[in-house]
$ cat upload.csv   # CSV, C-alpha atoms and all ligand atoms
chain,number,residue,atom,x,y,z
V,1,MET,CA,-16.8,-99.5,50.6
V,2,ASN,CA,-13.9,-97.2,49.7
V,3,LEU,CA,-14.1,-93.5,49.1
V,4,ARG,CA,-15.4,-92.6,45.6
V,5,LEU,CA,-14.8,-89.3,43.8
V,6,ALA,CA,-17.8,-87.8,41.9
V,7,ARG,CA,-16.8,-85.0,39.5
V,8,THR,CA,-20.3,-84.5,38.0
V,9,ILE,CA,-23.7,-83.8,39.4
V,10,ALA,CA,-25.0,-86.9,37.7
V,11,GLU,CA,-22.4,-89.1,39.4
V,12,ALA,CA,-23.1,-87.5,42.8
V,13,ARG,CA,-26.9,-88.0,42.3
V,14,ALA,CA,-26.4,-91.7,41.3
V,15,GLU,CA,-24.3,-92.4,44.4
V,16,VAL,CA,-26.9,-90.8,46.7
V,17,ALA,CA,-29.8,-92.6,44.9
V,18,ALA,CA,-28.0,-96.0,45.4
V,19,ALA,CA,-27.4,-95.2,49.1
V,20,ARG,CA,-31.1,-94.3,49.5
V,21,THR,CA,-32.2,-97.6,48.0
V,22,ARG,CA,-30.0,-99.2,50.7
V,23,GLY,CA,-32.1,-97.3,53.3
V,24,LEU,CA,-29.1,-95.2,54.5
V,25,SER,CA,-29.5,-91.7,55.9
V,26,ILE,CA,-27.5,-89.1,54.0
V,27,ALA,CA,-25.2,-86.4,55.4
V,28,VAL,CA,-23.5,-83.6,53.5
V,29,VAL,CA,-20.4,-81.7,54.7
V,30,PRO,CA,-20.1,-78.7,52.3
V,31,THR,CA,-16.5,-77.4,52.2
V,32,MET,CA,-14.2,-75.5,49.9
V,33,GLY,CA,-11.4,-78.0,50.4
V,34,ALA,CA,-8.0,-77.4,51.9
V,35,LEU,CA,-9.3,-79.5,54.7
V,36,HIS,CA,-8.0,-79.2,58.3
V,37,THR,CA,-8.8,-80.5,61.7
V,38,GLY,CA,-11.8,-78.2,61.9
V,39,HIS,CA,-13.3,-79.9,58.8
V,40,ALA,CA,-12.3,-83.3,60.2
V,41,ALA,CA,-14.5,-82.6,63.3
V,42,LEU,CA,-17.4,-81.9,61.0
V,43,ILE,CA,-16.7,-85.1,59.0
V,44,GLU,CA,-16.3,-87.3,62.0
V,45,ARG,CA,-19.6,-86.1,63.5
V,46,ALA,CA,-21.3,-86.7,60.1
V,47,CYS,CA,-19.8,-90.2,59.9
V,48,ALA,CA,-20.9,-91.0,63.5
V,49,GLU,CA,-24.5,-89.9,62.8
V,50,SER,CA,-25.3,-90.9,59.3
V,51,GLY,CA,-25.1,-94.1,57.1
V,52,PHE,CA,-23.8,-92.3,54.0
V,53,VAL,CA,-21.6,-89.2,54.0
V,54,VAL,CA,-20.9,-86.9,51.1
V,55,VAL,CA,-18.2,-84.2,51.5
V,56,THR,CA,-18.3,-81.5,48.8
V,57,LEU,CA,-15.1,-79.7,47.8
V,58,PHE,CA,-15.9,-76.7,45.7
V,59,VAL,CA,-14.2,-73.3,45.8
V,60,ASN,CA,-17.3,-71.3,44.9
V,61,PRO,CA,-16.4,-68.2,42.7
V,62,LEU,CA,-19.8,-66.6,43.4
V,63,GLN,CA,-19.0,-66.0,47.1
V,64,PHE,CA,-15.6,-64.2,46.6
V,65,ASN,CA,-15.8,-60.4,46.3
V,66,ASP,CA,-12.0,-60.3,45.8
V,67,ALA,CA,-10.6,-62.0,42.7
V,68,GLY,CA,-7.1,-62.3,44.4
V,69,ASP,CA,-8.6,-64.1,47.4
V,70,TYR,CA,-10.4,-66.5,45.0
V,71,SER,CA,-7.3,-67.2,42.9
V,72,ASN,CA,-5.1,-67.7,46.0
V,73,TYR,CA,-7.5,-70.0,47.8
V,74,PRO,CA,-5.5,-73.1,48.8
V,75,HIS,CA,-6.2,-76.4,47.0
V,76,ASN,CA,-4.9,-79.8,47.8
V,77,LEU,CA,-7.2,-82.5,46.3
V,78,GLN,CA,-5.0,-85.5,47.2
V,79,ALA,CA,-4.6,-84.4,50.9
V,80,ASP,CA,-8.4,-83.8,51.1
V,81,LEU,CA,-9.2,-87.2,49.6
V,82,ASP,CA,-6.8,-88.9,52.1
V,83,LEU,CA,-8.4,-87.1,55.0
V,84,CYS,CA,-11.9,-88.1,53.8
V,85,GLU,CA,-10.9,-91.7,53.2
V,86,GLU,CA,-9.3,-92.0,56.7
V,87,ARG,CA,-12.5,-90.7,58.3
V,88,GLY,CA,-14.7,-93.2,56.4
V,89,VAL,CA,-16.4,-90.7,54.0
V,90,ASP,CA,-18.4,-92.4,51.2
V,91,VAL,CA,-18.2,-89.9,48.4
V,92,VAL,CA,-16.3,-86.7,47.7
V,93,PHE,CA,-18.2,-84.5,45.3
V,94,ALA,CA,-15.6,-82.2,43.7
V,95,PRO,CA,-17.2,-80.5,40.6
V,96,SER,CA,-15.5,-78.1,38.3
V,97,VAL,CA,-16.8,-74.5,38.0
V,98,ASP,CA,-18.3,-75.3,34.6
V,99,GLU,CA,-20.1,-78.3,36.1
V,100,MET,CA,-21.7,-76.1,38.8
V,101,TYR,CA,-22.2,-73.0,36.6
V,102,PRO,CA,-22.4,-74.1,33.0
V,103,ARG,CA,-23.7,-70.6,32.1
V,104,ALA,CA,-24.0,-67.3,33.9
V,105,THR,CA,-26.4,-68.0,36.7
V,106,ARG,CA,-29.6,-65.9,36.6
V,107,THR,CA,-31.1,-67.3,39.8
V,108,HIS,CA,-29.7,-66.3,43.2
V,109,VAL,CA,-30.7,-66.9,46.8
V,110,ASP,CA,-30.8,-63.6,48.8
V,111,VAL,CA,-31.3,-63.8,52.5
V,112,ASP,CA,-31.9,-60.4,53.8
V,113,THR,CA,-31.4,-58.8,57.3
V,114,VAL,CA,-29.1,-61.6,58.7
V,115,THR,CA,-26.7,-60.9,55.9
V,116,GLU,CA,-26.5,-57.1,56.4
V,117,PRO,CA,-24.0,-56.5,59.3
V,118,MET,CA,-20.4,-57.7,59.7
V,119,GLU,CA,-19.3,-60.0,56.8
V,120,GLY,CA,-22.2,-58.7,54.7
V,121,ARG,CA,-20.9,-55.1,55.1
V,122,PHE,CA,-17.2,-56.0,54.5
V,123,ARG,CA,-17.8,-58.6,51.8
V,124,PRO,CA,-20.6,-57.4,49.6
V,125,GLY,CA,-22.3,-60.3,47.7
V,126,HIS,CA,-20.6,-62.9,49.7
V,127,PHE,CA,-23.7,-64.4,51.4
V,128,ARG,CA,-25.6,-64.3,48.1
V,129,GLY,CA,-22.9,-66.6,46.7
V,130,VAL,CA,-22.9,-68.8,49.8
V,131,ALA,CA,-26.7,-69.2,50.0
V,132,THR,CA,-26.9,-69.8,46.2
V,133,VAL,CA,-24.2,-72.5,46.2
V,134,VAL,CA,-25.4,-74.2,49.4
V,135,ALA,CA,-29.0,-74.3,47.9
V,136,LYS,CA,-27.6,-75.9,44.8
V,137,LEU,CA,-25.5,-78.5,46.8
V,138,PHE,CA,-28.6,-79.3,48.9
V,139,HIS,CA,-30.6,-79.9,45.7
V,140,ILE,CA,-27.9,-82.1,44.3
V,141,VAL,CA,-27.2,-84.2,47.4
V,142,GLN,CA,-30.7,-84.0,49.0
V,143,PRO,CA,-29.2,-84.8,52.4
V,144,ASP,CA,-31.1,-85.5,55.7
V,145,ARG,CA,-28.4,-83.6,57.6
V,146,ALA,CA,-25.9,-80.9,56.8
V,147,TYR,CA,-22.9,-80.1,58.9
V,148,PHE,CA,-21.4,-76.6,59.4
V,149,GLY,CA,-18.9,-75.1,61.7
V,150,GLU,CA,-19.7,-72.6,64.4
V,151,LYS,CA,-16.6,-70.6,63.4
V,152,ASP,CA,-18.7,-69.1,60.5
V,153,ALA,CA,-21.6,-68.2,62.8
V,154,GLN,CA,-23.1,-65.6,60.5
V,155,GLN,CA,-22.9,-68.0,57.5
V,156,LEU,CA,-24.7,-70.6,59.7
V,157,ALA,CA,-27.4,-68.1,60.6
V,158,VAL,CA,-27.9,-67.3,56.9
V,159,ILE,CA,-28.2,-70.9,56.0
V,160,ARG,CA,-30.5,-71.6,58.9
V,161,ARG,CA,-32.8,-68.9,57.7
V,162,MET,CA,-32.7,-70.0,54.1
V,163,VAL,CA,-33.5,-73.6,55.1
V,164,ASP,CA,-36.4,-72.4,57.2
V,165,ASP,CA,-37.8,-69.8,54.8
V,166,LEU,CA,-37.5,-72.2,51.7
V,167,ASN,CA,-38.7,-75.3,53.5
V,168,PHE,CA,-35.7,-77.5,52.9
V,169,SER,CA,-36.2,-80.7,54.7
V,170,ILE,CA,-32.7,-80.9,56.2
V,171,LYS,CA,-31.5,-80.9,59.7
V,172,LEU,CA,-28.6,-78.5,60.2
V,173,VAL,CA,-25.9,-79.6,62.6
V,174,GLU,CA,-23.7,-77.0,64.2
V,175,VAL,CA,-20.2,-78.2,65.2
V,176,PRO,CA,-18.1,-76.3,67.7
V,177,THR,CA,-14.9,-74.5,66.5
V,178,VAL,CA,-11.7,-76.4,66.7
V,179,ARG,CA,-8.7,-74.3,67.9
V,180,GLU,CA,-5.0,-74.6,68.1
V,181,THR,CA,-3.5,-74.6,71.6
V,182,SER,CA,-2.9,-70.8,71.2
V,183,GLY,CA,-6.7,-70.3,70.7
V,184,LEU,CA,-6.3,-69.6,67.0
V,185,ALA,CA,-9.4,-71.1,65.2
V,186,MET,CA,-8.6,-73.6,62.5
V,187,SER,CA,-9.1,-72.1,59.1
V,188,SER,CA,-7.9,-72.9,55.6
V,189,ARG,CA,-6.6,-69.3,55.5
V,190,ASN,CA,-4.2,-70.0,58.4
V,191,GLN,CA,-2.0,-71.7,55.7
V,192,ARG,CA,-1.2,-68.2,54.4
V,193,LEU,CA,0.2,-66.9,57.7
V,194,SER,CA,3.9,-66.6,58.2
V,195,GLU,CA,5.3,-67.8,61.6
V,196,ALA,CA,5.3,-64.2,62.9
V,197,GLU,CA,1.7,-63.5,61.6
V,198,ARG,CA,0.6,-66.7,63.3
V,199,GLN,CA,1.8,-65.3,66.7
V,200,TRP,CA,0.0,-62.0,66.1
V,201,ALA,CA,-3.2,-63.7,64.9
V,202,VAL,CA,-3.9,-64.9,68.5
V,203,ALA,CA,-5.0,-61.3,69.2
V,204,LEU,CA,-8.4,-62.3,67.6
V,205,TYR,CA,-9.2,-65.0,70.2
V,206,LYS,CA,-7.7,-63.0,73.1
V,207,ALA,CA,-10.0,-60.1,72.3
V,208,LEU,CA,-13.0,-62.3,72.0
V,209,GLU,CA,-12.1,-64.1,75.3
V,210,GLU,CA,-11.7,-60.8,77.1
V,211,ALA,CA,-15.1,-59.6,75.8
V,212,ARG,CA,-16.7,-62.8,77.0
V,213,ARG,CA,-15.0,-62.5,80.4
V,214,VAL,CA,-16.3,-58.9,80.8
V,215,ILE,CA,-19.9,-59.9,79.8
V,216,GLU,CA,-19.9,-62.9,82.1
V,217,SER,CA,-18.7,-60.8,85.0
V,218,GLY,CA,-21.8,-58.7,84.6
V,219,GLU,CA,-21.1,-55.8,82.1
V,220,ALA,CA,-24.3,-55.1,80.2
V,221,SER,CA,-23.1,-52.3,77.9
V,222,ALA,CA,-21.9,-53.5,74.6
V,223,ALA,CA,-19.9,-50.3,74.1
V,224,VAL,CA,-17.9,-50.9,77.3
V,225,VAL,CA,-17.3,-54.6,76.4
V,226,LYS,CA,-16.2,-53.6,72.9
V,227,ALA,CA,-13.8,-50.9,74.3
V,228,ARG,CA,-12.1,-53.5,76.5
V,229,ALA,CA,-11.8,-55.9,73.5
V,230,ALA,CA,-10.3,-53.1,71.4
V,231,GLU,CA,-7.7,-52.5,74.1
V,232,VAL,CA,-6.6,-56.1,73.8
V,233,LEU,CA,-6.4,-55.8,70.0
V,234,ALA,CA,-4.4,-52.6,70.4
V,235,GLU,CA,-1.7,-54.6,72.1
V,236,TYR,CA,-1.0,-56.2,68.7
V,237,PRO,CA,-0.3,-53.2,66.4
V,238,GLN,CA,0.5,-55.6,63.5
V,239,VAL,CA,-3.2,-56.5,63.4
V,240,SER,CA,-6.0,-54.3,62.2
V,241,ALA,CA,-9.6,-55.0,63.1
V,242,GLU,CA,-12.4,-54.7,60.5
V,243,TYR,CA,-15.2,-55.1,63.1
V,244,LEU,CA,-15.8,-56.4,66.6
V,245,GLU,CA,-19.5,-56.7,67.3
V,246,ILE,CA,-21.8,-58.1,70.0
V,247,VAL,CA,-24.8,-59.6,68.2
V,248,ASP,CA,-28.0,-61.3,68.7
V,249,PRO,CA,-27.2,-65.0,68.1
V,250,ASP,CA,-30.2,-65.5,65.7
V,251,ASP,CA,-30.5,-62.4,63.5
V,252,MET,CA,-26.8,-61.4,63.9
V,253,HIS,CA,-27.7,-57.7,64.5
V,254,PRO,CA,-25.5,-55.7,66.9
V,255,ILE,CA,-27.1,-55.1,70.3
V,256,GLU,CA,-26.4,-52.3,72.7
V,257,THR,CA,-27.6,-53.7,76.0
V,258,ILE,CA,-26.7,-57.3,76.8
V,259,THR,CA,-29.6,-59.1,78.6
V,260,GLY,CA,-29.3,-62.6,77.3
V,261,PRO,CA,-27.0,-64.9,75.3
V,262,VAL,CA,-25.0,-63.2,72.6
V,263,ARG,CA,-22.3,-63.9,70.1
V,264,ILE,CA,-19.1,-61.8,70.0
V,265,ALA,CA,-17.8,-61.8,66.4
V,266,CYS,CA,-14.6,-60.2,65.0
V,267,ALA,CA,-12.7,-59.9,61.7
V,268,ILE,CA,-9.1,-58.9,61.6
V,269,LEU,CA,-6.4,-58.5,58.9
V,270,VAL,CA,-3.0,-60.0,59.7
V,271,GLY,CA,-0.7,-58.9,56.8
V,272,LYS,CA,-2.8,-59.7,53.8
V,273,THR,CA,-4.8,-62.5,55.5
V,274,ARG,CA,-8.3,-61.9,56.7
V,275,LEU,CA,-9.4,-64.0,59.7
V,276,ILE,CA,-12.8,-64.2,61.4
V,277,ASP,CA,-13.8,-65.8,64.7
V,278,ASN,CA,-16.6,-65.7,67.3
V,279,VAL,CA,-17.5,-66.9,70.7
V,280,ARG,CA,-20.8,-67.2,72.6
V,281,ALA,CA,-21.3,-65.4,75.9
V,282,THR,CA,-24.1,-65.6,78.4
V,283,PRO,CA,-24.4,-62.9,81.1
V,284,HIS,CA,-24.4,-64.2,84.7
V,285,PRO,CA,-28.0,-64.4,85.9
V,286,GLY,CA,-28.9,-61.7,88.4
F,1,LIG,O1,-17.8,-72.4,54.7
F,1,LIG,C1,-17.5,-72.8,53.5
F,1,LIG,O2,-16.4,-73.5,53.3
F,1,LIG,C2,-18.3,-72.3,52.3
F,1,LIG,O3,-18.8,-71.0,52.6
F,1,LIG,C3,-19.4,-73.2,51.9
F,1,LIG,C4,-20.4,-73.4,53.0
F,1,LIG,C5,-18.8,-74.6,51.6
F,1,LIG,C6,-20.1,-72.7,50.6
F,1,LIG,O4,-19.2,-72.6,49.6
$ encode --input "upload.csv" --output "structure tokens" --more "lines below"
Ligand code: PAF
Amino acid sequence: MNLRLARTIAEARAEVAAARTRGLSIAVVPTMGALHTGHAALIERACAESGFVVVTLFVNPLQFNDAGDYSNYPHNLQADLDLCEERGVDVVFAPSVDEMYPRATRTHVDVDTVTEPMEGRFRPGHFRGVATVVAKLFHIVQPDRAYFGEKDAQQLAVIRRMVDDLNFSIKLVEVPTVRETSGLAMSSRNQRLSEAERQWAVALYKALEEARRVIESGEASAAVVKARAAEVLAEYPQVSAEYLEIVDPDDMHPIETITGPVRIACAILVGKTRLIDNVRATPHPG
């Protein structure tokens, strides 16, 4: 069957109910649109693993702490629909803000601790908005599986915790980050970079890779690793770092001594564009 576009919660629910009566397993890929090859990887995985795939396209005002960032967020519904249709998606759920929030919402999902460092510090309220909208999307679609990218590692940790704490019966599938050949992680925000900014933005991945190399060659002090990564970032004076942290992969809190697998996460500003990325690192045994 061809791709269908659901604009209302009732339409999305009716589509999912019909798929359930056909005995199909349901997957959801929550997105804010402006789909790129990173999203395509999530969608392809969902289509390979589930009988019925819903992609949600909704730029969620609740998770933007900066009104300019929200109003400048890229939109391209037709290109998004084409990408979904080519990949074999069953339904795109693209509600309006009024459909999702017909009145001021008085109920929010607050996940504590995991949300405090990094993005939580620089984007107050962001994860409250993410957790709230993802909980709503999960209730609307009631999927068996939900697909998220590893690029937003802290978001994934927040959603994992919410699913666990609130007993959502949903399997979360974590999909590896897709990168350009330069190492730059795919992101809808890359569309805002000029040609020059795109060259400078590789500083982010280079710093993360250097931190990973230092950890994997036996350095256990997070301070030493961070100092080395900061030297790499300093080679790109056009870029400013908001944070570079070495964190516990589950609770996302910064650690001082590296004794097991970690995530190295960084946020930079390139011109007016804010980019985030992360990599895993595992210290060499012994
Ligand atoms: O990662 C995103 O695109 C958004 O944060 C999400 C998960 C779709 C919630 O709005």
$ closest_residue --input "upload.csv" --among "V:Ala14, V:Leu166, V:Ala94, V:Ala67" --to "ligand LIG 1 (chain F)" --atoms "all atoms listed in the file"
V:Ala94
$ residues_near_ligand --input "upload.csv" --ligand "ligand LIG 1 (chain F)" --cutoff "8 Å" --atoms "only C-alpha atoms and all ligand atoms" --output "MDAnalysis selection string"
chainID V and resid 29:33 56:60 63 129:131 133:134 148:149 152 155
$ residues_near_point --input "upload.csv" --point "(-22.5, -80.1, 44.5)" --cutoff "10 Å" --atoms "all atoms listed in the file" --output "NGL selection string"
:V and (6-10 or 12-13 or 28 or 30 or 54-58 or 92-96 or 99-100 or 133-141)
$ residues_around --input "upload.csv" --residues "V:Ala185" --least-positions-apart "3" --cutoff "10 Å" --atoms "only C-alpha atoms" --output "list of chain:residue names"
V:Gly38, V:Lys151, V:Thr177, V:Val178, V:Arg179, V:Glu180, V:Thr181, V:Ser182, V:Ser188, V:Asn190, V:Ala201, V:Val202, V:Leu204, V:Tyr205, V:Leu275, V:Ile276, V:Asp277, V:Asn278
$ write_last_selection --input "upload.csv" --atoms "C-alpha atoms" --output "tab-separated table (two decimals), in the frame of the given file"
chain	number	residue	atom	x	y	z
V	38	GLY	CA	-11.80	-78.20	61.90
V	151	LYS	CA	-16.60	-70.60	63.40
V	177	THR	CA	-14.90	-74.50	66.50
V	178	VAL	CA	-11.70	-76.40	66.70
V	179	ARG	CA	-8.70	-74.30	67.90
V	180	GLU	CA	-5.00	-74.60	68.10
V	181	THR	CA	-3.50	-74.60	71.60
V	182	SER	CA	-2.90	-70.80	71.20
V	188	SER	CA	-7.90	-72.90	55.60
V	190	ASN	CA	-4.20	-70.00	58.40
V	201	ALA	CA	-3.20	-63.70	64.90
V	202	VAL	CA	-3.90	-64.90	68.50
V	204	LEU	CA	-8.40	-62.30	67.60
V	205	TYR	CA	-9.20	-65.00	70.20
V	275	LEU	CA	-9.40	-64.00	59.70
V	276	ILE	CA	-12.80	-64.20	61.40
V	277	ASP	CA	-13.80	-65.80	64.70
V	278	ASN	CA	-16.60	-65.70	67.30
$ atom_distance --input "upload.csv" --atom1 "atom CA of V:Phe127" --atom2 "atom CA of V:Gln191"
23.3 Å
$ atom_distance --input "upload.csv" --atom1 "atom CA of V:Val53" --atom2 "atom CA of V:Gln142"
11.6 Å
$ residues_around --input "upload.csv" --residues "V:Val163" --least-positions-apart "4" --cutoff "12 Å" --atoms "only C-alpha atoms" --output "PyMOL selection string"
chain V and resi 109+111+131-132+134-135+138-139+145-146+156-159+167-172
$ atom_distance --input "upload.csv" --atom1 "atom CA of V:Asp165" --atom2 "atom CA of V:Phe122"
24.8 Å
$ closest_residue --input "upload.csv" --among "V:Asp251, V:Glu85, V:Glu256, V:Glu197" --to "V:Val224" --atoms "only C-alpha atoms"
V:Glu256
$ residues_around --input "upload.csv" --residues "V:Leu208" --least-positions-apart "5" --cutoff "8 Å" --atoms "all atoms listed in the file" --output "ChimeraX atom specification"
/V:229,264-266,278-279
$ decode --input "upload.csv" --residues "stretch 194-216 of chain V" --atoms "N, CA and C atoms" --output "PDB file, in the first residue's frame"
ATOM      1  N   SER V 194      27.124  27.536   6.147  1.00  0.00           N
ATOM      2  CA  SER V 194      27.684  27.983   4.870  1.00  0.00           C
ATOM      3  C   SER V 194      28.783  26.987   4.492  1.00  0.00           C
ATOM      4  N   GLU V 195      29.315  27.127   3.274  1.00  0.00           N
ATOM      5  CA  GLU V 195      30.396  26.209   2.839  1.00  0.00           C
ATOM      6  C   GLU V 195      31.588  26.278   3.808  1.00  0.00           C
ATOM      7  N   ALA V 196      31.953  27.515   4.188  1.00  0.00           N
ATOM      8  CA  ALA V 196      33.107  27.689   5.091  1.00  0.00           C
ATOM      9  C   ALA V 196      32.794  27.062   6.453  1.00  0.00           C
ATOM     10  N   GLU V 197      31.596  27.314   6.962  1.00  0.00           N
ATOM     11  CA  GLU V 197      31.220  26.771   8.290  1.00  0.00           C
ATOM     12  C   GLU V 197      31.238  25.240   8.284  1.00  0.00           C
ATOM     13  N   ARG V 198      30.863  24.668   7.156  1.00  0.00           N
ATOM     14  CA  ARG V 198      30.845  23.205   7.037  1.00  0.00           C
ATOM     15  C   ARG V 198      32.270  22.648   7.191  1.00  0.00           C
ATOM     16  N   GLN V 199      33.257  23.393   6.676  1.00  0.00           N
ATOM     17  CA  GLN V 199      34.663  22.951   6.814  1.00  0.00           C
ATOM     18  C   GLN V 199      35.085  23.036   8.294  1.00  0.00           C
ATOM     19  N   TRP V 200      34.663  24.130   8.951  1.00  0.00           N
ATOM     20  CA  TRP V 200      35.079  24.315  10.359  1.00  0.00           C
ATOM     21  C   TRP V 200      34.381  23.310  11.282  1.00  0.00           C
ATOM     22  N   ALA V 201      33.149  22.934  10.881  1.00  0.00           N
ATOM     23  CA  ALA V 201      32.358  22.058  11.754  1.00  0.00           C
ATOM     24  C   ALA V 201      33.015  20.691  11.981  1.00  0.00           C
ATOM     25  N   VAL V 202      33.940  20.310  11.108  1.00  0.00           N
ATOM     26  CA  VAL V 202      34.604  18.997  11.293  1.00  0.00           C
ATOM     27  C   VAL V 202      35.431  18.980  12.579  1.00  0.00           C
ATOM     28  N   ALA V 203      35.701  20.171  13.145  1.00  0.00           N
ATOM     29  CA  ALA V 203      36.433  20.255  14.421  1.00  0.00           C
ATOM     30  C   ALA V 203      35.764  19.368  15.477  1.00  0.00           C
ATOM     31  N   LEU V 204      34.442  19.322  15.415  1.00  0.00           N
ATOM     32  CA  LEU V 204      33.678  18.568  16.422  1.00  0.00           C
ATOM     33  C   LEU V 204      34.074  17.093  16.393  1.00  0.00           C
ATOM     34  N   TYR V 205      34.005  16.492  15.228  1.00  0.00           N
ATOM     35  CA  TYR V 205      34.320  15.052  15.129  1.00  0.00           C
ATOM     36  C   TYR V 205      35.809  14.812  15.372  1.00  0.00           C
ATOM     37  N   LYS V 206      36.642  15.729  14.893  1.00  0.00           N
ATOM     38  CA  LYS V 206      38.091  15.545  15.089  1.00  0.00           C
ATOM     39  C   LYS V 206      38.429  15.543  16.580  1.00  0.00           C
ATOM     40  N   ALA V 207      37.803  16.445  17.343  1.00  0.00           N
ATOM     41  CA  ALA V 207      38.079  16.508  18.791  1.00  0.00           C
ATOM     42  C   ALA V 207      37.588  15.232  19.473  1.00  0.00           C
ATOM     43  N   LEU V 208      36.412  14.749  19.063  1.00  0.00           N
ATOM     44  CA  LEU V 208      35.875  13.520  19.665  1.00  0.00           C
ATOM     45  C   LEU V 208      36.775  12.322  19.329  1.00  0.00           C
ATOM     46  N   GLU V 209      37.222  12.272  18.084  1.00  0.00           N
ATOM     47  CA  GLU V 209      38.064  11.149  17.677  1.00  0.00           C
ATOM     48  C   GLU V 209      39.409  11.170  18.415  1.00  0.00           C
ATOM     49  N   GLU V 210      39.939  12.366  18.620  1.00  0.00           N
ATOM     50  CA  GLU V 210      41.202  12.471  19.350  1.00  0.00           C
ATOM     51  C   GLU V 210      41.001  12.019  20.804  1.00  0.00           C
ATOM     52  N   ALA V 211      39.889  12.424  21.403  1.00  0.00           N
ATOM     53  CA  ALA V 211      39.602  12.001  22.780  1.00  0.00           C
ATOM     54  C   ALA V 211      39.480  10.482  22.834  1.00  0.00           C
ATOM     55  N   ARG V 212      38.800   9.913  21.848  1.00  0.00           N
ATOM     56  CA  ARG V 212      38.652   8.453  21.835  1.00  0.00           C
ATOM     57  C   ARG V 212      40.035   7.778  21.710  1.00  0.00           C
ATOM     58  N   ARG V 213      40.874   8.326  20.802  1.00  0.00           N
ATOM     59  CA  ARG V 213      42.203   7.733  20.603  1.00  0.00           C
ATOM     60  C   ARG V 213      43.003   7.760  21.906  1.00  0.00           C
ATOM     61  N   VAL V 214      42.936   8.876  22.617  1.00  0.00           N
ATOM     62  CA  VAL V 214      43.715   9.020  23.855  1.00  0.00           C
ATOM     63  C   VAL V 214      43.201   8.025  24.904  1.00  0.00           C
ATOM     64  N   ILE V 215      41.886   7.883  25.015  1.00  0.00           N
ATOM     65  CA  ILE V 215      41.310   6.925  25.987  1.00  0.00           C
ATOM     66  C   ILE V 215      41.721   5.497  25.611  1.00  0.00           C
ATOM     67  N   GLU V 216      41.606   5.194  24.328  1.00  0.00           N
ATOM     68  CA  GLU V 216      41.879   3.811  23.910  1.00  0.00           C
ATOM     69  C   GLU V 216      43.363   3.490  23.941  1.00  0.00           C
TER      70      GLU V 216
END
